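Asker: So here's query-v1.txt, just compact mmCIF, C-alpha atoms:
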# COMPACT_ATOMS: atom_id res chain seq x y z
CA MET A 1 -16.36 -4.96 13.49
CA PRO A 2 -19.64 -4.84 11.56
CA SER A 3 -20.06 -4.49 7.85
CA PRO A 4 -19.57 -0.91 6.64
CA THR A 5 -22.62 1.29 6.41
CA SER A 6 -23.55 3.30 3.37
CA SER A 7 -22.94 6.55 5.26
CA ARG A 8 -19.20 6.11 5.76
CA ARG A 9 -16.21 5.83 3.50
CA ARG A 10 -13.98 2.79 3.49
CA ILE A 11 -11.25 2.94 6.15
CA LEU A 12 -9.15 -0.01 5.07
CA ARG A 13 -6.86 -0.26 2.05
CA GLY A 14 -4.48 -3.17 1.70
CA ALA A 15 -4.43 -4.42 5.23
CA LEU A 16 -5.44 -0.97 6.42
CA THR A 17 -6.42 2.09 4.47
CA VAL A 18 -4.60 5.23 3.41
CA ALA A 19 -7.89 7.16 3.68
CA LEU A 20 -10.12 7.58 6.73
CA ALA A 21 -13.76 8.54 6.90
CA THR A 22 -14.50 12.22 6.83
CA GLY A 23 -15.46 14.15 9.91
CA LEU A 24 -12.51 13.43 12.21
CA SER A 25 -12.37 15.91 15.04
CA THR A 26 -10.08 18.83 14.33
CA ALA A 27 -9.17 18.82 17.99
CA LEU A 28 -7.02 15.75 17.54
CA VAL A 29 -3.32 16.40 17.56
CA ALA A 30 -0.44 14.18 16.55
CA CYS A 31 1.86 12.95 19.31
CA SER A 32 5.58 13.06 18.46
CA ASP A 33 8.90 14.61 19.38
CA THR A 34 10.47 17.50 17.55
CA ASP A 35 13.99 16.67 16.40
CA THR A 36 15.95 18.46 13.73
CA ASP A 37 18.82 15.95 13.84
CA THR A 38 18.25 14.15 10.54
CA ASN A 39 19.22 10.58 9.77
CA THR A 40 21.02 11.28 6.48
CA ASP A 41 23.79 13.84 6.02
CA THR A 42 22.86 16.58 3.57
CA ASP A 43 25.17 19.15 2.01
CA THR A 44 23.10 22.02 0.69
CA SER A 45 26.04 24.35 0.15
CA ALA A 46 26.87 22.86 -3.24
CA MET A 47 24.77 22.11 -6.28
CA LYS A 48 25.91 18.46 -6.22
CA THR A 49 26.77 16.18 -3.32
CA SER A 50 29.83 13.97 -3.39
CA THR A 51 27.59 11.14 -4.61
CA GLY A 52 26.45 13.11 -7.64
CA ARG A 53 23.00 13.73 -6.17
CA ASP A 54 21.44 17.12 -6.67
CA ALA A 55 21.74 18.78 -3.26
CA SER A 56 18.88 21.12 -4.08
CA LEU A 57 16.53 18.12 -4.00
CA ASP A 58 17.74 17.25 -0.50
CA ALA A 59 17.11 20.83 0.57
CA ARG A 60 13.67 20.69 -0.99
CA LEU A 61 12.38 17.41 0.44
CA ALA A 62 14.39 16.74 3.61
CA PRO A 63 12.67 19.45 5.72
CA LEU A 64 9.23 18.22 4.62
CA ALA A 65 10.24 14.65 5.47
CA GLN A 66 11.45 15.66 8.92
CA LYS A 67 8.31 17.71 9.52
CA ALA A 68 6.14 14.74 8.55
CA ALA A 69 8.09 12.47 10.90
CA ASP A 70 7.78 14.95 13.76
CA THR A 71 4.09 15.59 13.10
CA GLY A 72 2.91 12.00 13.44
CA SER A 73 4.42 9.98 10.60
CA LEU A 74 7.22 8.99 13.04
CA GLY A 75 9.54 7.89 10.25
CA VAL A 76 9.57 8.26 6.46
CA ILE A 77 11.62 6.96 3.56
CA VAL A 78 11.52 9.11 0.43
CA ARG A 79 13.04 8.03 -2.87
CA VAL A 80 12.67 10.09 -6.03
CA ASP A 81 14.04 9.06 -9.41
CA ARG A 82 13.71 11.76 -12.07
CA GLY A 83 15.05 9.49 -14.80
CA THR A 84 18.42 11.25 -14.99
CA GLY A 85 21.28 11.24 -12.54
CA LYS A 86 21.39 9.52 -9.18
CA PRO A 87 18.03 9.07 -7.43
CA LEU A 88 17.41 11.02 -4.24
CA ALA A 89 16.96 8.68 -1.27
CA ILE A 90 16.50 9.99 2.26
CA ALA A 91 15.19 8.70 5.58
CA ARG A 92 13.96 10.87 8.44
CA GLN A 93 12.49 9.94 11.80
CA THR A 94 11.38 11.56 15.02
CA ALA A 95 13.81 11.42 17.92
CA TRP A 96 12.41 8.72 20.19
CA THR A 97 12.14 6.09 17.44
CA LYS A 98 15.93 6.02 17.07
CA ALA A 99 16.11 3.95 20.25
CA ASP A 100 14.33 1.18 18.30
CA HIS A 101 16.02 1.49 14.92
CA HIS A 102 17.91 4.05 12.85
CA LEU A 103 15.78 4.25 9.73
CA ALA A 104 17.63 3.96 6.41
CA ALA A 105 16.46 4.56 2.86
CA ASN A 106 17.20 0.95 1.86
CA ASP A 107 15.34 -0.69 4.76
CA GLN A 108 12.95 -3.51 3.93
CA PHE A 109 9.30 -2.48 4.25
CA ARG A 110 5.90 -4.15 4.02
CA VAL A 111 4.57 -2.66 0.77
CA ALA A 112 1.14 -4.19 1.41
CA SER A 113 -1.43 -3.48 -1.32
CA ASN A 114 1.22 -2.40 -3.79
CA THR A 115 1.38 -6.20 -4.17
CA LYS A 116 -1.87 -5.99 -6.13
CA THR A 117 -0.03 -4.45 -9.06
CA VAL A 118 2.26 -7.48 -9.27
CA THR A 119 -0.68 -9.89 -8.99
CA ALA A 120 -2.47 -8.00 -11.77
CA THR A 121 0.66 -8.09 -13.92
CA LEU A 122 0.87 -11.87 -13.55
CA ILE A 123 -2.80 -12.22 -14.51
CA LEU A 124 -2.32 -10.06 -17.60
CA GLN A 125 0.74 -12.09 -18.61
CA GLN A 126 -1.51 -15.15 -18.57
CA VAL A 127 -4.12 -13.23 -20.56
CA ALA A 128 -1.46 -12.50 -23.19
CA GLU A 129 -0.67 -16.22 -23.31
CA HIS A 130 -4.41 -17.03 -23.67
CA THR A 131 -4.40 -19.09 -20.47
CA ILE A 132 -6.80 -16.76 -18.64
CA GLY A 133 -9.45 -14.52 -20.21
CA LEU A 134 -10.51 -11.19 -18.73
CA SER A 135 -14.10 -12.14 -19.48
CA ASP A 136 -13.79 -15.54 -17.83
CA PRO A 137 -16.37 -15.97 -15.08
CA VAL A 138 -14.81 -16.57 -11.68
CA GLU A 139 -16.94 -19.71 -11.37
CA LYS A 140 -14.92 -21.27 -14.21
CA TRP A 141 -11.77 -21.14 -12.10
CA LEU A 142 -13.08 -21.25 -8.53
CA PRO A 143 -16.34 -23.24 -8.58
CA GLY A 144 -18.41 -22.62 -5.48
CA LEU A 145 -15.85 -20.37 -3.75
CA VAL A 146 -17.13 -16.91 -4.67
CA PRO A 147 -20.80 -15.86 -4.28
CA HIS A 148 -22.31 -14.96 -7.67
CA GLY A 149 -19.10 -16.20 -9.26
CA GLN A 150 -20.96 -16.99 -12.47
CA ASP A 151 -21.64 -13.25 -12.90
CA ILE A 152 -18.24 -11.92 -11.80
CA THR A 153 -15.43 -11.82 -14.36
CA VAL A 154 -11.67 -11.82 -13.90
CA LYS A 155 -11.64 -8.19 -15.07
CA MET A 156 -14.14 -7.22 -12.37
CA LEU A 157 -11.83 -8.70 -9.75
CA LEU A 158 -8.90 -6.74 -11.15
CA ASN A 159 -10.64 -3.35 -11.13
CA HIS A 160 -12.71 -3.89 -7.96
CA THR A 161 -16.12 -3.85 -9.62
CA SER A 162 -17.06 -7.38 -8.53
CA GLY A 163 -19.62 -6.41 -5.90
CA LEU A 164 -17.68 -8.28 -3.21
CA GLY A 165 -17.22 -6.68 0.18
CA ASP A 166 -14.04 -7.00 2.24
CA TYR A 167 -13.21 -9.68 4.78
CA LEU A 168 -11.15 -7.11 6.70
CA LEU A 169 -14.39 -5.59 7.95
CA THR A 170 -15.71 -8.76 9.55
CA PRO A 171 -15.72 -9.49 13.31
CA GLN A 172 -14.10 -12.87 12.62
CA PHE A 173 -11.03 -11.23 11.16
CA LEU A 174 -10.45 -8.22 13.44
CA PRO A 175 -8.37 -10.12 16.04
CA THR A 176 -6.02 -11.34 13.29
CA LEU A 177 -5.79 -7.89 11.75
CA THR A 178 -4.65 -6.36 15.03
CA GLY A 179 -2.29 -9.23 15.83
CA GLN A 180 -4.20 -10.22 18.97
CA GLU A 181 -4.98 -13.63 17.46
CA LYS A 182 -2.34 -15.71 15.70
CA ARG A 183 -4.16 -17.60 12.99
CA THR A 184 -3.13 -18.78 9.56
CA TRP A 185 -5.92 -17.99 7.10
CA THR A 186 -6.17 -19.54 3.65
CA ALA A 187 -7.53 -17.54 0.74
CA GLU A 188 -10.47 -19.94 0.61
CA GLU A 189 -11.30 -19.22 4.27
CA LEU A 190 -11.10 -15.47 3.69
CA LEU A 191 -13.44 -15.71 0.72
CA ALA A 192 -15.86 -17.71 2.86
CA ILE A 193 -16.22 -14.82 5.34
CA THR A 194 -16.35 -12.09 2.68
CA PRO A 195 -19.64 -10.17 2.85
CA GLN A 196 -21.52 -8.40 0.09
CA GLN A 197 -20.87 -4.73 -0.42
CA ASP A 198 -23.07 -2.52 1.72
CA PRO A 199 -25.19 -1.28 0.05
CA PRO A 200 -25.22 -4.24 -2.32
CA ALA A 201 -23.94 -3.71 -5.86
CA ALA A 202 -24.35 -5.98 -8.85
CA PRO A 203 -21.18 -7.31 -10.51
CA GLY A 204 -19.75 -4.65 -12.80
CA GLU A 205 -21.94 -1.88 -11.37
CA LYS A 206 -19.42 0.25 -9.51
CA TYR A 207 -15.93 0.44 -8.06
CA SER A 208 -15.45 -0.59 -4.45
CA TYR A 209 -12.02 -1.61 -3.16
CA SER A 210 -11.84 -5.13 -1.73
CA ASN A 211 -8.95 -7.37 -0.79
CA ALA A 212 -11.18 -10.37 -1.48
CA ASN A 213 -10.87 -9.66 -5.20
CA TYR A 214 -7.14 -10.27 -5.10
CA ALA A 215 -7.38 -13.29 -2.83
CA ALA A 216 -9.51 -14.82 -5.60
CA LEU A 217 -7.03 -13.73 -8.29
CA GLY A 218 -4.19 -15.43 -6.42
CA LEU A 219 -6.13 -18.69 -6.41
CA ILE A 220 -6.92 -18.31 -10.11
CA LEU A 221 -3.22 -17.80 -10.90
CA GLU A 222 -2.25 -20.93 -9.03
CA LYS A 223 -4.95 -23.01 -10.69
CA ALA A 224 -4.20 -21.70 -14.19
CA THR A 225 -0.44 -22.17 -13.97
CA GLY A 226 -0.05 -25.11 -11.60
CA LYS A 227 2.52 -23.08 -9.65
CA SER A 228 2.46 -21.45 -6.24
CA LEU A 229 2.00 -17.70 -6.08
CA ALA A 230 5.39 -17.33 -4.38
CA ASP A 231 7.06 -19.16 -7.26
CA LEU A 232 5.25 -17.01 -9.83
CA PHE A 233 6.33 -13.81 -8.09
CA GLU A 234 9.92 -15.05 -7.97
CA GLN A 235 10.14 -16.50 -11.47
CA LYS A 236 8.16 -13.88 -13.40
CA ILE A 237 8.97 -10.64 -11.58
CA ILE A 238 11.47 -10.69 -8.72
CA LYS A 239 14.33 -12.69 -10.23
CA PRO A 240 14.16 -11.28 -13.80
CA LEU A 241 14.20 -7.71 -12.45
CA GLY A 242 16.93 -8.33 -9.90
CA MET A 243 14.76 -7.34 -6.94
CA LYS A 244 17.13 -8.79 -4.35
CA ASP A 245 15.32 -7.38 -1.31
CA THR A 246 11.80 -8.48 -2.25
CA PHE A 247 9.89 -11.61 -1.20
CA LEU A 248 6.41 -12.87 -0.38
CA SER A 249 6.07 -13.08 3.39
CA THR A 250 4.88 -16.28 5.02
CA ASN A 251 5.17 -14.99 8.59
CA ALA A 252 6.09 -11.79 10.44
CA ASP A 253 9.81 -12.13 9.73
CA PHE A 254 11.91 -9.98 7.43
CA SER A 255 14.96 -11.27 5.53
CA PRO A 256 17.77 -12.49 7.81
CA GLY A 257 20.70 -10.11 7.78
CA LYS A 258 18.69 -7.28 6.19
CA THR A 259 17.67 -4.12 8.02
CA HIS A 260 13.97 -3.35 8.14
CA ALA A 261 11.80 -0.48 9.24
CA THR A 262 10.11 -0.63 12.64
CA GLY A 263 6.37 -0.06 12.37
CA TYR A 264 4.04 1.62 14.87
CA GLU A 265 0.34 2.15 15.46
CA PRO A 266 -1.62 4.21 18.02
CA ASP A 267 -2.55 2.46 21.26
CA ALA A 268 -6.15 1.65 22.18
CA GLN A 269 -6.92 5.09 23.57
CA ARG A 270 -5.62 6.99 20.55
CA LEU A 271 -7.09 4.46 18.12
CA ARG A 272 -10.54 4.96 19.59
CA ARG A 273 -10.27 8.72 18.95
CA ILE A 274 -9.12 8.20 15.39
CA LEU A 275 -11.68 5.63 14.22
CA PRO A 276 -15.12 6.92 13.18
CA PRO A 277 -17.76 6.00 15.78
CA GLU A 278 -20.02 4.47 13.13
CA LEU A 279 -17.54 1.60 12.82
CA HIS A 280 -18.62 0.43 16.29
CA VAL A 281 -15.15 -0.92 17.02
CA PRO A 282 -15.24 -2.84 20.33
CA GLU A 283 -13.99 -0.96 23.38
CA GLY A 284 -10.31 -1.64 24.03
CA THR A 285 -9.44 -2.71 20.48
CA ALA A 286 -5.69 -2.42 20.13
CA PHE A 287 -2.75 -3.70 18.13
CA ALA A 288 -0.53 -6.32 19.69
CA GLY A 289 3.05 -5.34 20.46
CA PRO A 290 5.39 -3.58 22.87
CA LYS A 291 4.25 -0.20 24.18
CA ARG A 292 6.25 2.77 22.99
CA PRO A 293 6.28 6.50 23.88
CA HIS A 294 3.47 8.97 23.14
CA GLY A 295 0.69 6.37 22.94
CA ASN A 296 2.27 4.17 20.28
CA THR A 297 2.64 0.40 19.90
CA ASP A 298 5.44 -1.39 18.04
CA THR A 299 3.57 -3.53 15.49
CA THR A 300 6.60 -4.90 13.62
CA ALA A 301 5.89 -8.44 14.82
CA VAL A 302 2.24 -8.49 13.68
CA ASP A 303 2.01 -11.28 11.09
CA SER A 304 0.28 -10.07 7.92
CA SER A 305 1.13 -13.02 5.67
CA TRP A 306 -2.62 -13.63 5.33
CA SER A 307 -2.63 -10.71 2.87
CA TRP A 308 -0.89 -12.92 0.26
CA ALA A 309 -1.86 -11.93 -3.31
CA ALA A 310 -3.58 -8.79 -1.99
CA GLY A 311 -0.67 -7.41 0.02
CA GLY A 312 1.96 -9.91 1.15
CA LEU A 313 5.15 -8.61 -0.46
CA VAL A 314 8.08 -7.17 1.47
CA SER A 315 10.37 -4.91 -0.56
CA THR A 316 12.40 -1.69 -0.55
CA ALA A 317 11.76 1.66 -2.18
CA ALA A 318 14.50 0.98 -4.74
CA ASP A 319 13.26 -2.52 -5.60
CA TRP A 320 9.67 -1.38 -5.97
CA GLN A 321 10.57 1.54 -8.19
CA ARG A 322 12.55 -0.92 -10.33
CA PHE A 323 9.38 -2.97 -10.76
CA GLN A 324 7.11 -0.03 -11.52
CA THR A 325 9.60 1.41 -13.99
CA ALA A 326 9.81 -1.92 -15.83
CA LEU A 327 6.01 -2.22 -15.87
CA LEU A 328 5.15 1.28 -17.08
CA SER A 329 8.01 1.17 -19.60
CA GLY A 330 6.32 -1.78 -21.28
CA ASN A 331 8.90 -4.42 -20.34
CA LEU A 332 6.56 -6.78 -18.52
CA LEU A 333 3.41 -6.77 -20.64
CA PRO A 334 2.57 -6.61 -24.37
CA GLY A 335 1.04 -3.35 -25.58
CA ALA A 336 -2.52 -4.70 -25.64
CA GLN A 337 -2.39 -5.82 -22.02
CA MET A 338 -0.66 -2.62 -20.92
CA LYS A 339 -3.49 -0.65 -22.49
CA GLN A 340 -6.02 -2.80 -20.60
CA MET A 341 -4.17 -2.21 -17.35
CA LEU A 342 -4.26 1.55 -17.83
CA THR A 343 -7.98 1.66 -18.65
CA ALA A 344 -9.44 2.95 -15.40
CA VAL A 345 -12.91 3.06 -13.91
CA PRO A 346 -13.82 6.15 -11.88
CA ALA A 347 -12.52 5.87 -8.31
CA PRO A 348 -12.77 9.30 -6.66
CA GLU A 349 -11.73 7.90 -3.29
CA GLU A 350 -8.37 7.00 -4.84
CA GLY A 351 -7.91 10.50 -6.23
CA GLY A 352 -8.77 9.57 -9.82
CA GLY A 353 -9.40 6.10 -11.21
CA TYR A 354 -8.50 2.43 -10.87
CA GLY A 355 -7.26 0.33 -13.77
CA LEU A 356 -6.32 -3.32 -13.54
CA GLY A 357 -4.20 -3.32 -10.41
CA LEU A 358 -3.04 0.27 -10.91
CA MET A 359 -4.35 3.52 -9.47
CA GLU A 360 -4.59 6.64 -11.61
CA VAL A 361 -3.98 9.53 -9.22
CA ASN A 362 -4.43 13.22 -10.01
CA THR A 363 -1.89 15.28 -8.07
CA PRO A 364 -1.24 19.05 -8.01
CA CYS A 365 1.55 18.52 -10.53
CA GLY A 366 -0.09 16.02 -12.87
CA THR A 367 -1.46 12.51 -13.20
CA VAL A 368 0.63 9.60 -11.98
CA TRP A 369 0.18 5.84 -11.85
CA GLY A 370 0.96 3.41 -9.05
CA HIS A 371 -0.62 2.11 -5.88
CA THR A 372 -0.88 2.62 -2.17
CA GLY A 373 -0.43 0.14 0.63
CA GLY A 374 -1.16 -0.13 4.32
CA GLN A 375 -0.65 -2.74 7.02
CA PRO A 376 -0.14 -2.48 10.78
CA GLY A 377 2.81 -0.10 11.10
CA TYR A 378 3.41 0.46 7.40
CA SER A 379 1.92 2.86 4.84
CA SER A 380 3.21 3.54 1.34
CA GLU A 381 2.49 5.57 -1.77
CA ILE A 382 4.60 4.69 -4.82
CA TYR A 383 3.94 6.41 -8.15
CA THR A 384 5.39 6.53 -11.65
CA ASP A 385 4.80 8.76 -14.64
CA LYS A 386 3.01 7.08 -17.54
CA SER A 387 6.26 6.55 -19.45
CA GLY A 388 7.81 4.69 -16.53
CA ARG A 389 10.92 6.86 -16.62
CA ARG A 390 10.30 8.73 -13.37
CA SER A 391 9.07 7.52 -10.00
CA ALA A 392 8.48 8.65 -6.43
CA ALA A 393 8.08 6.58 -3.28
CA VAL A 394 7.05 7.69 0.21
CA LEU A 395 7.08 4.95 2.85
CA THR A 396 5.76 5.77 6.33
CA VAL A 397 6.23 3.72 9.51
CA THR A 398 2.66 4.11 10.73
CA ASN A 399 -0.71 3.76 9.08
CA PHE A 400 -3.47 4.80 11.47
CA GLY A 401 -1.05 7.30 13.01
CA ILE A 402 -1.21 9.48 9.90
CA LYS A 403 -5.00 9.75 10.05
CA GLU A 404 -4.92 12.44 12.71
CA PRO A 405 -5.44 15.78 10.96
CA LYS A 406 -2.04 17.42 11.48
CA ALA A 407 -0.20 14.21 10.65
CA ALA A 408 -2.32 13.64 7.56
CA ALA A 409 -1.65 17.16 6.27
CA ALA A 410 2.12 16.89 6.77
CA ASN A 411 2.26 13.46 5.16
CA LYS A 412 0.20 14.58 2.18
CA ALA A 413 2.42 17.64 1.70
CA LEU A 414 5.43 15.34 1.57
CA VAL A 415 3.84 12.98 -0.96
CA ASP A 416 2.76 15.87 -3.19
CA ALA A 417 6.24 17.39 -2.99
CA ALA A 418 7.88 14.06 -3.89
CA VAL A 419 5.61 13.66 -6.93
CA CYS A 420 6.17 17.25 -8.05
CA THR A 421 9.92 16.79 -7.68
CA MET A 422 9.72 13.60 -9.73
CA LEU A 423 7.89 15.49 -12.48
CA GLY A 424 10.29 18.45 -12.31
CA LYS A 425 7.61 20.93 -11.29
CA PRO A 426 7.41 23.56 -8.52
CA LEU A 427 6.08 22.52 -5.15
CA PRO A 428 2.38 23.28 -4.69
CA THR A 429 1.65 26.09 -2.27
CA GLU A 430 -1.73 24.55 -1.62
CA SER A 431 -3.06 21.08 -2.43
CA ALA A 432 -6.57 20.76 -3.74
CA THR A 433 -6.44 17.06 -4.64
CA PRO A 434 -8.63 14.54 -2.82
CA SER A 435 -7.21 12.81 0.27
CA ARG A 436 -5.49 9.56 -0.63
Could the structure of this file be written out as structure tokens, please?
Answerer:
Amino acid sequence: MPSPTSSRRRILRGALTVALATGLSTALVACSDTDTDTNTDTDTSAMKTSTGRDASLDARLAPLAQKAADTGSLGVIVRVDRGTGKPLAIARQTAWTKADHHLAANDQFRVASNTKTVTATLILQQVAEHTIGLSDPVEKWLPGLVPHGQDITVKMLLNHTSGLGDYLLTPQFLPTLTGQEKRTWTAEELLAITPQQDPPAAPGEKYSYSNANYAALGLILEKATGKSLADLFEQKIIKPLGMKDTFLSTNADFSPGKTHATGYEPDAQRLRRILPPELHVPEGTAFAGPKRPHGNTDTTAVDSSWSWAAGGLVSTAADWQRFQTALLSGNLLPGAQMKQMLTAVPAPEEGGGYGLGLMEVNTPCGTVWGHTGGQPGYSSEIYTDKSGRRSAAVLTVTNFGIKEPKAAAANKALVDAAVCTMLGKPLPTESATPSR
């Protein structure tokens, strides 16, 4: 896959993007069953369910979740915490996927680039301890590893203004990305194949999302602390917050004894229709995995541990909302560093701005903070209000599959509805926010 051209928008976010280039053919249709048999019992005849959950929220979101699943999302987990009462947690899937796995709201899930928020939090904790400086040049920490490292600062890595391109868009990496080649990449090797942005941008000039930034930040953390990234995640975030279903993946496996979502991607024929032609993706490019109905491939066994500091965490909706709530509530960072994290540069392609490891997203019902993530078979949008008291998570068991127009519209409607429900506002009749 060649370097991106200036005429197209980025198609990869995390391992894979949550936004495609514009201009997809409106003739494309999503391929899925229609099944109204939901995966979670809902009692809409009473104001409260037996669990104390507001049944009206089930009635509000469950149909949208099922519609998204049946319109190309295949399966979705939705969890909304309004800060009072029991959170709403539902899972819906289209009929044929139940032969593989009955999706549950507490299933483990590859949260992909949401990992960047944790990596950024660890960096800012070190900034607070005066171990790392935001103005430190990358060359100070990683001599010779990053082109123009003397001109790129730690802050530029955090907010994606470094001028680095993305190794995901290189022909060397495509076979690993699709799972066709089993190779263990080090962060140093990934930085070595990272191209410049196209068109080139000077350090600090503009925002452009790149996983290479966070590969470098992971190395800086390890060098500054003398600890492995996995240990830092565990000791600083996971264990203190009681995130019992969260870990940094080192292979394609999930936790033994835990249930996990099955992920899917379109097969080669569908993928070719979805990807913009200007990418020049080689004929026959496909994800590795067992073939499934309606032109889908089971990508659960694709190893994405290479994503590491940029996207290597496995978690659950509940665990991740616990983290985001603690972060935005001010329990993980001092006030000065929290303010730095929330200072965003313009990032229209993210629907608003990008701070230090956090996206600022303008929705029909207000501005929220969080991140998105995507890897083969897994896409996620997890947001919190600025106080940290309320959060919404939508996890989807396909990434490229929700790029087809009908699937994208249904998925976006669900995400907007989850955010509006979180904020206690009416559902939008129309969404005018940018695609995320």
Asker: Which of these, A:Lys155, A:Lys67, A:Arg270, A:Arg110, has the shortest distance to Ser380 in chain A once you count all atoms listed in the file?
Answerer: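 Of all the options, A:Arg110 lies closest to Ser380 in chain A.
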Asker: Taking only C-alpha atoms into account, which of A:Leu74, A:Leu358, A:Ala301, A:Val111 comes nearest Val345 in chain A?
Answerer: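 Ranking A:Leu74, A:Leu358, A:Ala301, A:Val111 by distance to Val345 in chain A, first place goes to A:Leu358.
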Asker: Looking at A:Ile274, A:Ser56, A:Val80, A:Val118, which one is nearest to Val415 in chain A, with distances taken over only C-alpha atoms?
Answerer: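 Ranked by minimum distance to Val415 in chain A, first place goes to A:Val80.
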Asker: Choose the residue, out of A:Gly218, A:Gly163, A:Gly179, A:Gly355, that has the smallest atom-to-atom separation from Asp198 in chain A; count only C-alpha atoms.
Answerer: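 Of A:Gly218, A:Gly163, A:Gly179, A:Gly355, the one nearest Asp198 in chain A, counting only C-alpha atoms, is A:Gly163.
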Asker: Up to 10 Å from (14.7, 17.1, 1.3) in the file's coordinates: name the residues, counting all atoms listed in the file, as a compact mmCIF listing (two decimals) with C-alpha atoms, in the frame of the given file.
Answerer:
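Result saved to point14.txt:
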# COMPACT_ATOMS: atom_id res chain seq x y z
CA THR A 42 22.86 16.58 3.57
CA THR A 44 23.10 22.02 0.69
CA ALA A 55 21.74 18.78 -3.26
CA SER A 56 18.88 21.12 -4.08
CA LEU A 57 16.53 18.12 -4.00
CA ASP A 58 17.74 17.25 -0.50
CA ALA A 59 17.11 20.83 0.57
CA ARG A 60 13.67 20.69 -0.99
CA LEU A 61 12.38 17.41 0.44
CA ALA A 62 14.39 16.74 3.61
CA PRO A 63 12.67 19.45 5.72
CA LEU A 64 9.23 18.22 4.62
CA ALA A 65 10.24 14.65 5.47
CA GLN A 66 11.45 15.66 8.92
CA VAL A 78 11.52 9.11 0.43
CA LEU A 88 17.41 11.02 -4.24
CA ALA A 89 16.96 8.68 -1.27
CA ILE A 90 16.50 9.99 2.26
CA ALA A 91 15.19 8.70 5.58
CA ARG A 92 13.96 10.87 8.44
CA LEU A 414 5.43 15.34 1.57
CA ALA A 417 6.24 17.39 -2.99
CA ALA A 418 7.88 14.06 -3.89
Asker: In Å, with one decimal, what is the gap from CA of Thr299 in chain A to CA of Gly311 in chain A?
Answerer: 16.5 Å
Asker: Could you give me, as JSON lines, a per-residue list for range 286-404 of chain A showing, wherever an atom lies at most 8 Å from an atom of range 123-132 of chain A, the closest pair of atoms and their distance in Å to one decimal, using all atoms listed in the file and sorting by chain then residue number from low to high?
Answerer:
{"residue": "A:Leu332", "atom": "CA", "partner": "A:Gln125", "partner_atom": "CA", "distance": 7.9}
{"residue": "A:Leu333", "atom": "CA", "partner": "A:Gln125", "partner_atom": "CA", "distance": 6.3}
{"residue": "A:Pro334", "atom": "CA", "partner": "A:Ala128", "partner_atom": "CA", "distance": 7.2}
{"residue": "A:Gln337", "atom": "CA", "partner": "A:Leu124", "partner_atom": "CA", "distance": 6.1}
Asker: What is the distance between CA of Met359 in chain A and CA of Pro276 in chain A, in Å to one decimal?
Answerer: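 According to the coordinates, CA of Met359 in chain A and CA of Pro276 in chain A are separated by 25.3 Å.
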